[in-house]
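Structure file entry_37.cif (mmCIF, C-alpha atoms and all ligand atoms) is printed below.
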data_upload
#
loop_
_atom_site.label_atom_id
_atom_site.label_comp_id
_atom_site.auth_asym_id
_atom_site.auth_seq_id
_atom_site.Cartn_x
_atom_site.Cartn_y
_atom_site.Cartn_z
CA MET A 2 0.00 0.00 0.00
CA LYS A 3 0.91 3.64 -0.34
CA ALA A 4 1.72 5.47 2.91
CA VAL A 5 3.34 8.63 4.30
CA VAL A 6 6.44 7.47 6.18
CA PHE A 7 9.02 9.28 8.28
CA GLU A 8 12.31 7.59 9.12
CA LYS A 9 13.63 10.24 11.53
CA PHE A 10 11.91 12.83 13.73
CA GLY A 11 11.77 16.22 12.09
CA GLU A 12 12.91 14.95 8.66
CA THR A 13 10.67 15.34 5.62
CA PRO A 14 8.24 12.39 5.39
CA THR A 15 8.04 10.61 2.04
CA ILE A 16 5.43 8.61 0.14
CA GLN A 17 6.48 4.96 0.18
CA THR A 18 5.10 1.57 -0.78
CA VAL A 19 4.90 -0.58 2.37
CA PRO A 20 3.31 -3.98 3.15
CA ASP A 21 -0.50 -4.01 3.59
CA PRO A 22 -1.56 -4.45 7.25
CA GLU A 23 -3.16 -7.69 8.50
CA PRO A 24 -5.98 -7.67 11.07
CA ALA A 25 -5.28 -8.91 14.62
CA LEU A 26 -7.60 -11.67 15.89
CA GLY A 27 -9.89 -9.06 17.45
CA GLY A 28 -9.05 -6.29 15.01
CA VAL A 29 -9.96 -5.06 11.55
CA VAL A 30 -8.26 -3.48 8.58
CA ILE A 31 -9.95 -0.34 7.31
CA LYS A 32 -9.58 1.06 3.80
CA VAL A 33 -9.01 4.74 4.61
CA GLU A 34 -11.40 7.03 2.71
CA ALA A 35 -10.56 10.20 4.65
CA THR A 36 -8.04 11.18 7.31
CA GLY A 37 -7.71 14.52 9.12
CA LEU A 38 -4.56 16.60 9.55
CA CYS A 39 -3.90 17.49 13.15
CA ARG A 40 -1.34 19.31 15.24
CA SER A 41 -0.87 16.08 17.25
CA ASP A 42 0.58 14.49 14.07
CA TRP A 43 3.02 17.38 13.90
CA HIS A 44 3.99 16.83 17.56
CA GLY A 45 4.54 13.13 16.78
CA TRP A 46 6.67 13.93 13.74
CA MET A 47 8.76 16.36 15.82
CA GLY A 48 9.51 13.61 18.37
CA HIS A 49 7.37 15.00 21.20
CA ASP A 50 5.54 11.68 21.70
CA ASP A 51 7.65 8.95 23.28
CA GLY A 52 5.34 6.13 22.13
CA ILE A 53 6.42 6.39 18.47
CA ARG A 54 8.83 3.83 16.98
CA LEU A 55 10.58 4.60 13.68
CA PRO A 56 9.96 4.27 10.79
CA HIS A 57 6.46 5.56 11.33
CA VAL A 58 3.19 6.29 9.53
CA PRO A 59 1.19 9.12 11.19
CA GLY A 60 -2.58 9.78 11.07
CA HIS A 61 -5.27 9.20 13.72
CA GLU A 62 -8.46 10.95 12.51
CA LEU A 63 -9.85 8.44 10.10
CA ALA A 64 -12.97 7.16 8.45
CA GLY A 65 -13.30 4.33 5.96
CA VAL A 66 -14.64 0.90 5.12
CA VAL A 67 -13.87 -2.39 6.87
CA VAL A 68 -12.06 -4.64 4.37
CA ALA A 69 -10.87 -7.44 6.68
CA ALA A 70 -11.80 -8.64 10.16
CA GLY A 71 -10.00 -11.02 12.54
CA SER A 72 -11.66 -14.30 13.55
CA GLN A 73 -12.66 -13.01 17.01
CA VAL A 74 -14.52 -9.94 15.71
CA THR A 75 -18.27 -10.42 16.18
CA ARG A 76 -19.88 -7.00 15.64
CA TRP A 77 -18.30 -5.90 12.34
CA LYS A 78 -18.02 -7.24 8.84
CA THR A 79 -16.44 -6.14 5.59
CA GLY A 80 -18.15 -3.31 3.76
CA GLU A 81 -19.27 -1.38 6.86
CA ARG A 82 -18.55 2.36 7.01
CA VAL A 83 -16.81 3.24 10.27
CA THR A 84 -14.70 5.62 12.28
CA VAL A 85 -12.77 5.09 15.51
CA PRO A 86 -11.67 7.20 18.53
CA PHE A 87 -7.97 8.07 18.53
CA ALA A 88 -7.56 6.34 21.91
CA VAL A 89 -8.45 2.71 21.19
CA GLY A 90 -9.42 0.93 24.43
CA CYS A 91 -8.46 -2.66 25.28
CA GLY A 92 -12.00 -3.33 26.55
CA ARG A 93 -10.71 -5.32 29.53
CA CYS A 94 -8.86 -3.07 31.97
CA PHE A 95 -10.44 -1.33 34.95
CA GLU A 96 -11.00 1.95 33.06
CA CYS A 97 -12.58 0.22 30.07
CA SER A 98 -14.81 -1.82 32.40
CA SER A 99 -16.04 1.42 33.94
CA GLY A 100 -16.83 2.84 30.49
CA ASN A 101 -13.79 5.11 30.30
CA HIS A 102 -12.04 3.68 27.27
CA GLN A 103 -10.62 7.14 26.48
CA VAL A 104 -8.12 6.65 29.33
CA CYS A 105 -7.57 2.90 28.88
CA GLU A 106 -4.48 1.64 30.68
CA HIS A 107 -3.46 -0.36 27.60
CA GLN A 108 -4.75 1.97 24.91
CA SER A 109 -3.38 1.92 21.42
CA GLN A 110 -3.42 5.01 19.23
CA PRO A 111 -3.26 4.69 15.46
CA GLY A 112 -0.55 7.02 14.21
CA PHE A 113 1.25 6.98 17.59
CA THR A 114 1.61 3.55 19.21
CA GLY A 115 1.24 1.95 15.78
CA TRP A 116 1.06 2.91 12.13
CA GLY A 117 -1.74 5.33 11.36
CA SER A 118 -4.08 6.39 8.59
CA PHE A 119 -1.89 8.50 6.30
CA ALA A 120 -2.04 5.39 4.15
CA GLU A 121 -4.42 3.41 1.98
CA TYR A 122 -5.12 0.95 4.82
CA VAL A 123 -4.89 0.99 8.61
CA ALA A 124 -5.20 -1.82 11.19
CA ILE A 125 -7.32 -1.15 14.30
CA ASP A 126 -7.26 -3.43 17.38
CA HIS A 127 -10.20 -4.40 19.60
CA ALA A 128 -12.73 -3.59 16.89
CA ASP A 129 -15.84 -4.76 18.78
CA THR A 130 -15.12 -2.23 21.56
CA ASN A 131 -13.98 0.71 19.50
CA LEU A 132 -15.49 0.99 16.03
CA VAL A 133 -18.31 3.47 15.45
CA ARG A 134 -20.79 3.05 12.59
CA LEU A 135 -21.24 6.11 10.37
CA PRO A 136 -24.73 7.39 9.57
CA ASP A 137 -25.45 6.67 5.87
CA GLU A 138 -25.72 10.36 5.02
CA MET A 139 -22.40 11.34 6.63
CA GLU A 140 -19.52 11.96 4.23
CA PHE A 141 -16.18 10.32 4.99
CA ALA A 142 -14.46 13.73 5.16
CA THR A 143 -16.91 14.92 7.85
CA ALA A 144 -16.52 11.65 9.76
CA ALA A 145 -12.72 11.96 9.68
CA SER A 146 -12.95 15.54 10.94
CA LEU A 147 -14.78 14.30 14.06
CA GLY A 148 -11.86 11.99 14.87
CA CYS A 149 -10.02 13.93 17.47
CA ARG A 150 -10.88 17.61 17.76
CA PHE A 151 -14.69 17.45 17.49
CA VAL A 152 -15.18 14.43 19.75
CA THR A 153 -12.65 15.75 22.25
CA SER A 154 -14.56 19.02 22.37
CA PHE A 155 -17.84 17.17 22.76
CA ARG A 156 -16.52 15.30 25.78
CA ALA A 157 -14.81 18.45 27.12
CA ILE A 158 -17.99 20.55 26.95
CA VAL A 159 -20.67 17.94 27.69
CA ASP A 160 -19.10 15.28 29.94
CA GLN A 161 -16.09 16.99 31.54
CA GLY A 162 -17.27 20.62 31.47
CA ARG A 163 -20.90 19.71 32.29
CA VAL A 164 -22.17 22.83 30.55
CA THR A 165 -25.82 23.68 31.16
CA PRO A 166 -28.13 26.14 29.36
CA GLY A 167 -27.56 29.79 30.19
CA GLU A 168 -24.03 29.37 31.49
CA TRP A 169 -21.12 31.46 30.24
CA VAL A 170 -18.42 29.46 28.48
CA ALA A 171 -15.05 30.94 27.47
CA VAL A 172 -13.11 29.19 24.70
CA HIS A 173 -9.45 30.18 24.41
CA GLY A 174 -8.17 29.52 20.89
CA CYS A 175 -10.29 29.13 17.76
CA GLY A 176 -8.51 26.36 15.86
CA GLY A 177 -10.25 23.06 15.15
CA VAL A 178 -10.78 22.21 18.83
CA GLY A 179 -11.96 25.71 19.78
CA LEU A 180 -14.41 26.13 16.92
CA SER A 181 -15.84 22.66 17.62
CA ALA A 182 -16.27 23.59 21.29
CA ILE A 183 -18.00 26.86 20.40
CA MET A 184 -20.48 25.05 18.16
CA ILE A 185 -21.15 22.33 20.75
CA ALA A 186 -21.46 24.66 23.77
CA SER A 187 -23.82 26.92 21.81
CA ALA A 188 -25.94 23.91 20.87
CA MET A 189 -26.06 23.04 24.59
CA GLY A 190 -27.62 26.44 25.27
CA ALA A 191 -24.56 28.17 26.72
CA ASN A 192 -23.42 31.76 26.02
CA VAL A 193 -20.03 31.40 24.44
CA ILE A 194 -17.13 33.87 24.33
CA ALA A 195 -14.55 33.13 21.65
CA ILE A 196 -10.97 34.29 22.25
CA ASP A 197 -8.30 34.29 19.55
CA LEU A 198 -5.54 36.41 18.05
CA THR A 199 -7.16 36.89 14.63
CA ASP A 200 -10.39 38.65 13.64
CA GLU A 201 -10.89 36.18 10.79
CA LYS A 202 -11.31 33.26 13.20
CA LEU A 203 -13.40 35.32 15.60
CA ASP A 204 -15.78 36.28 12.78
CA PHE A 205 -16.16 32.61 11.96
CA ALA A 206 -16.69 31.83 15.66
CA SER A 207 -19.57 34.33 15.71
CA LYS A 208 -21.14 32.66 12.68
CA ILE A 209 -21.22 29.28 14.42
CA GLY A 210 -22.64 30.51 17.71
CA ALA A 211 -20.28 32.69 19.80
CA VAL A 212 -22.23 35.59 21.36
CA ALA A 213 -19.09 37.61 22.19
CA THR A 214 -15.51 37.68 20.96
CA ILE A 215 -12.19 38.91 22.35
CA ASN A 216 -9.19 39.56 20.13
CA ALA A 217 -6.35 38.79 22.55
CA SER A 218 -3.81 40.63 20.38
CA LYS A 219 -5.69 43.89 20.97
CA THR A 220 -6.86 43.25 24.55
CA PRO A 221 -4.31 44.00 27.29
CA ASN A 222 -6.09 41.90 29.93
CA VAL A 223 -8.11 38.97 28.57
CA VAL A 224 -9.12 37.74 32.05
CA LYS A 225 -10.59 41.14 32.93
CA ALA A 226 -12.42 41.30 29.58
CA VAL A 227 -14.03 37.88 30.16
CA LYS A 228 -15.05 38.88 33.70
CA GLN A 229 -16.62 42.08 32.38
CA ILE A 230 -18.63 40.38 29.64
CA THR A 231 -19.81 37.60 31.97
CA ASN A 232 -20.47 39.80 34.98
CA GLY A 233 -18.02 38.00 37.23
CA GLY A 234 -16.42 35.20 35.28
CA ALA A 235 -17.15 32.19 33.10
CA HIS A 236 -18.87 29.12 34.56
CA MET A 237 -16.80 26.91 32.34
CA SER A 238 -13.68 27.70 30.37
CA MET A 239 -11.48 25.76 28.05
CA ASP A 240 -7.93 26.11 26.78
CA ALA A 241 -8.35 24.82 23.26
CA LEU A 242 -4.91 25.97 22.10
CA GLY A 243 -2.51 24.43 24.60
CA HIS A 244 -0.22 27.25 25.73
CA PRO A 245 0.85 28.45 29.21
CA THR A 246 -0.84 31.83 28.61
CA THR A 247 -4.19 30.51 27.39
CA SER A 248 -4.20 27.80 30.06
CA PHE A 249 -3.56 30.37 32.81
CA ASN A 250 -6.18 32.79 31.45
CA SER A 251 -8.74 30.01 31.15
CA ILE A 252 -8.41 29.18 34.84
CA ALA A 253 -8.08 32.81 36.00
CA ASN A 254 -11.22 33.97 34.13
CA LEU A 255 -13.53 31.57 35.99
CA ARG A 256 -16.15 32.66 38.48
CA ARG A 257 -16.36 30.92 41.86
CA ARG A 258 -16.77 27.14 41.51
CA GLY A 259 -16.03 27.43 37.80
CA ARG A 260 -14.70 24.53 35.71
CA HIS A 261 -11.59 24.65 33.53
CA VAL A 262 -11.04 21.93 30.96
CA GLN A 263 -7.62 21.57 29.34
CA VAL A 264 -7.80 20.18 25.83
CA GLY A 265 -4.97 21.89 23.93
CA LEU A 266 -1.87 19.70 24.28
CA MET A 267 0.89 20.88 26.60
CA LEU A 268 4.08 19.14 25.55
CA GLY A 269 7.80 19.73 25.75
CA ASP A 270 8.65 23.02 27.51
CA HIS A 271 4.93 23.71 28.06
CA ALA A 272 4.16 20.53 29.99
CA ARG A 273 4.34 22.15 33.45
CA PRO A 274 2.58 25.52 33.20
CA GLN A 275 1.79 27.99 35.99
CA ILE A 276 -1.60 27.58 37.65
CA PRO A 277 -3.23 30.27 39.87
CA MET A 278 -3.58 27.71 42.69
CA ASP A 279 -4.58 30.42 45.21
CA LYS A 280 -7.74 30.99 43.16
CA VAL A 281 -8.31 27.27 42.66
CA ILE A 282 -8.57 26.86 46.43
CA ALA A 283 -10.37 30.07 47.39
CA PHE A 284 -12.96 29.77 44.58
CA GLU A 285 -13.21 25.95 44.63
CA LEU A 286 -12.30 25.82 40.95
CA GLU A 287 -12.16 22.54 39.07
CA ILE A 288 -9.38 21.66 36.66
CA ARG A 289 -9.97 18.71 34.39
CA GLY A 290 -8.37 17.21 31.34
CA SER A 291 -10.20 15.77 28.37
CA HIS A 292 -8.70 13.00 26.27
CA GLY A 293 -10.75 12.09 23.22
CA MET A 294 -14.06 10.31 23.68
CA GLN A 295 -14.95 6.67 24.10
CA ALA A 296 -16.81 4.95 21.24
CA HIS A 297 -20.04 4.34 23.19
CA ARG A 298 -20.49 8.12 23.73
CA TYR A 299 -20.40 8.85 19.98
CA GLN A 300 -24.08 8.02 19.63
CA ALA A 301 -25.30 11.14 21.47
CA MET A 302 -23.09 13.31 19.28
CA MET A 303 -24.10 11.48 16.09
CA GLU A 304 -27.79 12.07 16.88
CA MET A 305 -27.14 15.81 17.33
CA ILE A 306 -25.36 15.79 13.96
CA ARG A 307 -28.13 13.79 12.29
CA THR A 308 -30.78 16.23 13.53
CA GLY A 309 -28.73 19.26 12.42
CA LYS A 310 -28.05 20.66 15.91
CA LEU A 311 -24.34 20.19 15.26
CA LYS A 312 -22.83 20.79 11.83
CA PRO A 313 -19.25 19.48 11.85
CA GLU A 314 -19.15 19.73 8.05
CA LEU A 315 -18.85 23.52 8.46
CA LEU A 316 -15.48 22.94 10.10
CA VAL A 317 -14.01 20.86 7.28
CA GLY A 318 -11.37 22.95 5.53
CA LYS A 319 -9.10 22.04 2.66
CA LYS A 320 -9.37 18.58 1.05
CA ILE A 321 -6.02 17.32 -0.21
CA SER A 322 -4.39 14.17 -1.61
CA LEU A 323 -2.02 11.80 0.22
CA ASP A 324 0.82 13.11 -1.97
CA GLU A 325 0.26 16.57 -0.49
CA ALA A 326 0.11 15.26 3.10
CA PRO A 327 3.86 15.42 3.97
CA ALA A 328 4.04 19.16 3.24
CA ALA A 329 0.73 19.80 5.00
CA LEU A 330 1.89 17.81 8.05
CA MET A 331 5.12 19.78 8.36
CA ALA A 332 3.16 23.04 8.15
CA MET A 333 0.93 22.09 11.13
CA GLY A 334 3.49 23.57 13.55
CA GLY A 335 2.30 27.05 12.54
CA PHE A 336 -1.07 28.42 13.52
CA GLU A 337 -3.97 26.59 11.90
CA GLY A 338 -6.13 28.21 9.25
CA ILE A 339 -9.91 27.98 9.53
CA GLY A 340 -11.20 24.46 9.20
CA ILE A 341 -9.80 20.97 9.54
CA GLY A 342 -7.69 19.80 6.59
CA VAL A 343 -8.63 16.33 5.39
CA VAL A 344 -6.88 13.89 3.02
CA THR A 345 -9.56 12.47 0.73
CA LYS A 346 -7.50 11.16 -2.24
CA PHE A 347 -5.14 8.22 -1.80
ZN ZN A 401 -8.62 -0.77 28.64
ZN ZN A 402 -5.98 14.89 16.12
#
Produce C-alpha cells that represent the structure in this file.
Amino acid sequence: MKAVVFEKFGETPTIQTVPDPEPALGGVVIKVEATGLCRSDWHGWMGHDDGIRLPHVPGHELAGVVVAAGSQVTRWKTGERVTVPFAVGCGRCFECSSGNHQVCEHQSQPGFTGWGSFAEYVAIDHADTNLVRLPDEMEFATAASLGCRFVTSFRAIVDQGRVTPGEWVAVHGCGGVGLSAIMIASAMGANVIAIDLTDEKLDFASKIGAVATINASKTPNVVKAVKQITNGGAHMSMDALGHPTTSFNSIANLRRRGRHVQVGLMLGDHARPQIPMDKVIAFELEIRGSHGMQAHRYQAMMEMIRTGKLKPELLVGKKISLDEAPAALMAMGGFEGIGIGVVTKF
C-alpha cells in the first residue's frame, strides 16, 4: 500500500510503498477514505511523543470501510462504514470496564503507538469495543474531521465541562478544537465567548454561535475582559490551544466554583505551566483534562449531527491528496487556518 512514512523525527516524510496491514484476531483493517490533519501528528513527527517507533506512519483521525476482520470480531463485517476514537481501548482493563475507554491503561493510538491512517489501509485493534458506525448520510471527510478535535470538544464541553443552558463558556483559541467547542457549547444552550488572536477566526466563531468575541492581540487583559462580559467570570472555560498563557487565562477567568477543561496539548517546555492555585482553592475551581471520547459516547453526538443541531461539516477545511500530506503535516506547527484539513485522495 501507499503510505506517508518518516524515518527520523523532524525529517521530511516521504510517500512509500509498504506492506499491507493484516488484522489482529480481534481487530480489523480499514480502507481509509478520509483522514484529518492534526497538530498532534506534527507533535509526533517532531519527536514530542515517546510512544512512536521509527519508521512511522502518522494519522489518527480516520474514516473508511472495513475490508478485513479477525476471527474473534463479532460486531463488524467487511463493507461497513466506520470511524474510531484516537484512543483505542483494550476493553478489559479497569478503566474500560467502567466505560472510560478514552483513558484505557493499555490503549493503542493509530498514528502513535502503531502505524496510522496516512495510508491506503490501517489496522485497528479491539474492533468490537472501538469501532463506530457512520450514519449513511455522513460523508467520509466529515466523519474523519470528528476523529479527534470534534469528539474531544464534545466530551470536554458535555461530559467533563458539564455545561448547562444559560451558562457562560469561554473558549481560548479558535482552531479546530476551539471552533468545535464553540459550536457544541452553543448547541447546549450556553453563552459562548470566543478568544483568539485573529479577527478572521473570531468572525467565523460568531457565525457558528459565539455571542461575544475577544481579540487577545488587541486586549491587554483577557481575564478582565471575560469577567466584564460575563459579569463575574465564566462558569466553564477551556484552553483549546494548549499554551501556558491561554491555560492560565482560562483558569483565572472563571467565576467561583467554575470549571476549567484543558484540551490543547501541553508538551515539551509547556508541559508544566503555571496555575493560579490560590484561586483554585479560594474559589473551589475545578481543573480537568479531556482526552478524546470513548466509542459508546459517539451516539449522542451522532444524533445531534443527524438532527442538524451540530454541523461538523462547516469545520471541514481544505481537502487534499495523500501526496500533499507530507508538506501539510510539516506546516501544522504554525497556527492553523480555519477548518480541519482532510486527506480524501489516496
Ligand atoms: Zn482498557
Ligand atoms: Zn488529532
Using all atoms listed in the file, find all polymer residues with an atom at most 9 Å away from the point (-3.8, 10.2, 0.6); report them as a ChimeraX atom specification. /A:3-5,33-36,118-121,321-326,344-347
Taking only C-alpha atoms into account, which of A:Ala145, A:Ala226, A:Met237, A:Val317 comes nearest Leu286 (chain A)? A:Met237
Skip Arg76 (chain A) itself and residues of its chain fewer than 5 positions away, then list as a ChimeraX atom specification all residues within 9 Å of it, counting only C-alpha atoms. /A:128-130
Please, could you write that set of residues out with C-alpha atoms as an mmCIF file, keeping the file's coordinate frame?
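Here's the written file part.cif:
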data_model
loop_
_atom_site.group_PDB
_atom_site.id
_atom_site.type_symbol
_atom_site.label_atom_id
_atom_site.label_comp_id
_atom_site.auth_asym_id
_atom_site.auth_seq_id
_atom_site.Cartn_x
_atom_site.Cartn_y
_atom_site.Cartn_z
ATOM 1 C CA ALA A 128 -12.730 -3.590 16.890
ATOM 2 C CA ASP A 129 -15.840 -4.760 18.780
ATOM 3 C CA THR A 130 -15.120 -2.230 21.560
#
Pick out the residues no farther than 12 Å from ligand ZN 402 (chain A), counting only C-alpha atoms and all ligand atoms, and list them as an MDAnalysis selection string. chainID A and resid 36:45 59:63 85:88 110:113 117:118 145:154 176:178 264:266 292:294 330 333 341:343
Which distance in Å separates CA of His173 (chain A) and CA of Val227 (chain A), to one decimal? 10.6 Å
Per residue of region 237-299 of chain A within 12 Å of region 216-221 of chain A, what are the shortest atom pair and its distance in Å to one decimal, counting all atoms listed in the file, with rows by chain and residue number, as JSON lines?
{"residue": "A:Thr246", "atom": "CA", "partner": "A:Ala217", "partner_atom": "CA", "distance": 10.7}
{"residue": "A:Thr247", "atom": "CA", "partner": "A:Ala217", "partner_atom": "CA", "distance": 9.8}
{"residue": "A:Asn250", "atom": "CA", "partner": "A:Ala217", "partner_atom": "CA", "distance": 10.7}
Which residues are close to His102 (chain A), i.e. within 7 Å by only C-alpha atoms, leaving aside same-chain residues fewer than 4 positions away? Reply as a list in words. Gly90, Glu96, Cys97 and Gln295 of chain A
Kindly work out which residues sit at most 10 Å from ligand ZN 401 (chain A), using all atoms listed in the file, and give the list as a PyMOL selection string. chain A and resi 88-109+127+130
Considering all atoms listed in the file, state which residue in the set A:Ala332, A:Pro327, A:Trp169, A:Lys280 is at the smallest distance from Gln17 (chain A). A:Pro327
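The interatomic distance for the pair CA of Val133 (chain A) and CA of Met2 (chain A) works out to 24.2 Å.
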What does the distance from CA of Gly290 (chain A) to CA of Ile276 (chain A) come to in Å, to one decimal?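 Atom-to-atom, CA of Gly290 (chain A) to CA of Ile276 (chain A), that is 13.9 Å.
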Check the smallest atom-to-atom distance from each of A:Ser238, A:Asn192, A:Asn232, A:Thr143 to Gly179 (chain A) using all atoms listed in the file, then report the winner. A:Ser238
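Proximity ranking of A:Arg54, A:His236, A:His261, A:His297 relative to Val281 (chain A) places A:His261 first, based on all atoms listed in the file.
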Nearest to Val19 (chain A): which of A:Gly210, A:Gly115, A:Gly318, A:Pro56 is it, counting only C-alpha atoms?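 The closest residue to Val19 (chain A) is A:Pro56.
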